[in-house]
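*Asks:* Please see the structure below; I have some questions.
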Amino acid sequence: MICVDEKGPIAAKMYPPRGQWAEATHRPHYQPDYGRRGYLWLFGALKPHTGEGYLYEGERRDSNTFIEFMDEVDRWIPKGEVRVVIDNLSIHTSVKTLLWNFGHPRFYLHFLPTGAAWLNLIEGWWNILGHRALDGRNFGDAEELKAAFRSVLEGWNVNPTPFRWDPQGR
């Protein structure tokens, strides 16, 4: 089983550090950075039982890029049946995507109910990766963003943390 989702667009700009100490009467002030130096979309796959992840960088969020990502996932998981937890975004249910799925019968897409994105364990993984890659850094272009996320993913996959659903929080 894998969880799949997209993150973005992520802008090449300055990201202030989080969790910085500040006096109770005011917050730390940062000069706004509107980041017109490029952006990227990230497509991610997470194996929740092992915690291993995979990233694919795209310039846009469309069916063609999603299919390219799923082809990469097909190579990342070379054998066996793959159950994919995925939301109902239009690129996931497009004719192109469904035709791709028809040609890859080992992939079973399990669509989440609308408004239940929190059920997809990749959401928490995105939060962790995003903080590690972005916080306190200033990016000059999209290539620097890609390098930051690749570096964080490489470190994450050395010692991944498994994710699991547990309604009792055990």
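Identifiers for the structure tokens are assigned positionally: chains receive A, B, ... in sequence, residues are indexed from 1 per chain, and ligands are indexed from 1 in the order shown.
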Please return as a ChimeraX atom specification: the residues of region 31-128 of chain A that backbone DSSP assigns to helix (DSSP H, G or I).

*Replies:* /A:63-76,95-103,117-119,122-128

*Asks:* So which residues touch Gly80 (chain A) within 12 Å, counting only C-alpha atoms, skipping near sequence neighbours fewer than 6 positions away, as a list in words?

*Replies:* Met1, Asp74, His104, Pro105, Arg106, Phe107 and Tyr108 of chain A

*Asks:* Could the residues in this selection be written to a file with N, CA, C and O atoms, as a tab-separated table (two decimals), in the first residue's frame?

*Replies:*
chain	number	residue	atom	x	y	z
A	1	MET	N	0.83	-1.17	0.00
A	1	MET	CA	0.00	0.00	0.00
A	1	MET	C	0.88	1.24	0.00
A	1	MET	O	1.92	1.28	0.66
A	74	ASP	N	5.80	3.21	-10.54
A	74	ASP	CA	5.81	1.85	-11.09
A	74	ASP	C	7.23	1.27	-11.09
A	74	ASP	O	7.44	0.10	-10.79
A	104	HIS	N	-2.15	-0.58	-16.27
A	104	HIS	CA	-1.33	-1.02	-15.14
A	104	HIS	C	-2.24	-1.70	-14.12
A	104	HIS	O	-2.55	-1.13	-13.06
A	105	PRO	N	-2.68	-2.92	-14.41
A	105	PRO	CA	-3.69	-3.57	-13.58
A	105	PRO	C	-3.23	-3.93	-12.16
A	105	PRO	O	-4.06	-4.22	-11.31
A	106	ARG	N	-1.95	-3.86	-11.87
A	106	ARG	CA	-1.51	-4.17	-10.50
A	106	ARG	C	-1.73	-3.00	-9.54
A	106	ARG	O	-1.60	-3.16	-8.34
A	107	PHE	N	-2.10	-1.83	-10.08
A	107	PHE	CA	-2.38	-0.65	-9.25
A	107	PHE	C	-3.89	-0.55	-9.02
A	107	PHE	O	-4.67	-0.50	-9.97
A	108	TYR	N	-4.27	-0.52	-7.75
A	108	TYR	CA	-5.67	-0.36	-7.36
A	108	TYR	C	-5.81	0.99	-6.68
A	108	TYR	O	-5.23	1.22	-5.61

*Asks:* List as number ranges by chain the protein and nucleic acid residues near Glu143 (chain A), meaning an atom at most 12 Å away when only C-alpha atoms are counted, but skip any in the same chain fewer than 5 places from it.

*Replies:* A: 10-13, 37-41, 57-59, 148-150

*Asks:* Suppose we keep N, CA, C and O atoms; can you now write the selection as a PDB file, in the first residue's frame?

*Replies:*
ATOM      1  N   ILE A  10       5.161  25.358  -4.807  1.00  0.00           N
ATOM      2  CA  ILE A  10       6.115  25.808  -3.801  1.00  0.00           C
ATOM      3  C   ILE A  10       6.989  26.860  -4.467  1.00  0.00           C
ATOM      4  O   ILE A  10       7.637  26.587  -5.472  1.00  0.00           O
ATOM      5  N   ALA A  11       6.986  28.061  -3.917  1.00  0.00           N
ATOM      6  CA  ALA A  11       7.698  29.184  -4.527  1.00  0.00           C
ATOM      7  C   ALA A  11       9.137  29.248  -4.043  1.00  0.00           C
ATOM      8  O   ALA A  11       9.436  28.949  -2.888  1.00  0.00           O
ATOM      9  N   ALA A  12      10.021  29.665  -4.945  1.00  0.00           N
ATOM     10  CA  ALA A  12      11.413  29.946  -4.583  1.00  0.00           C
ATOM     11  C   ALA A  12      11.419  31.327  -3.937  1.00  0.00           C
ATOM     12  O   ALA A  12      11.264  32.337  -4.619  1.00  0.00           O
ATOM     13  N   LYS A  13      11.556  31.366  -2.629  1.00  0.00           N
ATOM     14  CA  LYS A  13      11.532  32.614  -1.869  1.00  0.00           C
ATOM     15  C   LYS A  13      12.166  32.375  -0.506  1.00  0.00           C
ATOM     16  O   LYS A  13      12.683  31.297  -0.251  1.00  0.00           O
ATOM     17  N   ARG A  37      10.704  33.951  -8.193  1.00  0.00           N
ATOM     18  CA  ARG A  37      11.927  33.356  -8.738  1.00  0.00           C
ATOM     19  C   ARG A  37      11.702  31.912  -9.182  1.00  0.00           C
ATOM     20  O   ARG A  37      12.630  31.143  -9.285  1.00  0.00           O
ATOM     21  N   GLY A  38      10.468  31.566  -9.421  1.00  0.00           N
ATOM     22  CA  GLY A  38      10.154  30.216  -9.876  1.00  0.00           C
ATOM     23  C   GLY A  38       9.391  29.426  -8.826  1.00  0.00           C
ATOM     24  O   GLY A  38       9.309  29.819  -7.669  1.00  0.00           O
ATOM     25  N   TYR A  39       8.847  28.324  -9.248  1.00  0.00           N
ATOM     26  CA  TYR A  39       8.106  27.450  -8.343  1.00  0.00           C
ATOM     27  C   TYR A  39       8.148  26.031  -8.899  1.00  0.00           C
ATOM     28  O   TYR A  39       8.572  25.804 -10.026  1.00  0.00           O
ATOM     29  N   LEU A  40       7.691  25.081  -8.096  1.00  0.00           N
ATOM     30  CA  LEU A  40       7.580  23.710  -8.557  1.00  0.00           C
ATOM     31  C   LEU A  40       6.440  23.018  -7.838  1.00  0.00           C
ATOM     32  O   LEU A  40       5.986  23.464  -6.791  1.00  0.00           O
ATOM     33  N   TRP A  41       5.992  21.952  -8.437  1.00  0.00           N
ATOM     34  CA  TRP A  41       5.011  21.054  -7.834  1.00  0.00           C
ATOM     35  C   TRP A  41       5.731  19.783  -7.446  1.00  0.00           C
ATOM     36  O   TRP A  41       6.557  19.281  -8.207  1.00  0.00           O
ATOM     37  N   GLU A  57       9.405  15.822  -9.117  1.00  0.00           N
ATOM     38  CA  GLU A  57       9.207  17.265  -9.299  1.00  0.00           C
ATOM     39  C   GLU A  57       8.583  17.529 -10.662  1.00  0.00           C
ATOM     40  O   GLU A  57       9.030  16.985 -11.659  1.00  0.00           O
ATOM     41  N   GLY A  58       7.573  18.394 -10.663  1.00  0.00           N
ATOM     42  CA  GLY A  58       6.917  18.764 -11.910  1.00  0.00           C
ATOM     43  C   GLY A  58       6.774  20.271 -12.015  1.00  0.00           C
ATOM     44  O   GLY A  58       6.785  20.967 -11.012  1.00  0.00           O
ATOM     45  N   GLU A  59       6.636  20.747 -13.240  1.00  0.00           N
ATOM     46  CA  GLU A  59       6.459  22.182 -13.454  1.00  0.00           C
ATOM     47  C   GLU A  59       4.993  22.582 -13.393  1.00  0.00           C
ATOM     48  O   GLU A  59       4.673  23.757 -13.304  1.00  0.00           O
ATOM     49  N   ALA A 148      16.875  21.019  -2.189  1.00  0.00           N
ATOM     50  CA  ALA A 148      16.544  20.970  -0.759  1.00  0.00           C
ATOM     51  C   ALA A 148      15.634  19.781  -0.459  1.00  0.00           C
ATOM     52  O   ALA A 148      15.867  19.030   0.496  1.00  0.00           O
ATOM     53  N   PHE A 149      14.598  19.587  -1.263  1.00  0.00           N
ATOM     54  CA  PHE A 149      13.685  18.471  -1.018  1.00  0.00           C
ATOM     55  C   PHE A 149      14.352  17.126  -1.284  1.00  0.00           C
ATOM     56  O   PHE A 149      14.113  16.160  -0.559  1.00  0.00           O
ATOM     57  N   ARG A 150      15.195  17.047  -2.294  1.00  0.00           N
ATOM     58  CA  ARG A 150      15.920  15.792  -2.561  1.00  0.00           C
ATOM     59  C   ARG A 150      16.831  15.429  -1.384  1.00  0.00           C
ATOM     60  O   ARG A 150      16.912  14.274  -0.982  1.00  0.00           O
TER      61      ARG A 150
END

*Asks:* So which residues touch Gly136 (chain A) within 6 Å, counting only C-alpha atoms, skipping near sequence neighbours fewer than 2 positions away, as a CSV table (one decimal) with C-alpha atoms, in the first residue's frame?

*Replies:*
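That gives us result_19.csv:
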chain,number,residue,atom,x,y,z
A,15,TYR,CA,10.9,31.0,4.3
A,16,PRO,CA,11.3,32.4,7.9
A,17,PRO,CA,12.4,30.0,10.6

*Asks:* As an exercise, work out the distance from CA of Asn120 (chain A) to CA of Phe43 (chain A) in Å and give it to one decimal place.

*Replies:*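 Answer for the CA of Asn120 (chain A) to CA of Phe43 (chain A) separation: 13.9 Å.
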
*Asks:* Please run DSSP on the backbone and report, as a count of residues only, all residues within region 7-166 of chain A that come out as strand (DSSP E or B).

*Replies:* 33

*Asks:* Residues within 10 Å of Pro162 (chain A), please, as a list in words. Count only C-alpha atoms; anything in the same chain fewer than 4 positions from it doesn't count.

*Replies:*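 The residues satisfying every condition are Leu46, Lys47, Pro48, His49, Thr50, Gly51 and Glu52 of chain A.
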
*Asks:* Record the distance separating CA of Leu109 (chain A) and CA of Arg75 (chain A), expressed in Å with one decimal.

*Replies:* 17.1 Å

*Asks:* Can you tell me how far CA of Val84 (chain A) sits from CA of Leu134 (chain A), in Å to one decimal?

*Replies:*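 For CA of Val84 (chain A) relative to CA of Leu134 (chain A), the distance reads 27.4 Å.
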
*Asks:* Applying 12 Å and only C-alpha atoms, which residues near Arg61 (chain A) remain after dropping the ones on its own chain fewer than 6 positions away? List them as a PyMOL selection string.

*Replies:* chain A and resi 5-10+39-43+67-69+89-92

*Asks:* Quick one: write out the picked residues with C-alpha atoms as a compact mmCIF listing (two decimals), in the first residue's frame?

*Replies:*
# COMPACT_ATOMS: atom_id res chain seq x y z
CA ASP A 5 -0.56 13.26 -3.12
CA GLU A 6 0.77 16.56 -4.51
CA LYS A 7 2.26 19.57 -2.77
CA GLY A 8 2.53 22.98 -4.32
CA PRO A 9 3.06 25.22 -5.97
CA ILE A 10 6.11 25.81 -3.80
CA TYR A 39 8.11 27.45 -8.34
CA LEU A 40 7.58 23.71 -8.56
CA TRP A 41 5.01 21.05 -7.83
CA LEU A 42 5.98 17.99 -5.85
CA PHE A 43 4.29 14.64 -6.31
CA ILE A 67 1.01 9.98 -15.16
CA GLU A 68 4.77 10.62 -15.44
CA PHE A 69 4.91 10.45 -11.64
CA LEU A 89 -8.51 15.64 -7.41
CA SER A 90 -9.59 15.93 -11.05
CA ILE A 91 -6.15 14.85 -12.35
CA HIS A 92 -6.55 11.57 -10.42

*Asks:* From the list A:Arg164, A:Arg132, A:Lys96, A:His110, which residue is nearest Val82 (chain A) when using only C-alpha atoms?

*Replies:*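 Going through A:Arg164, A:Arg132, A:Lys96, A:His110 one by one, the smallest distance to Val82 (chain A) is for A:His110.
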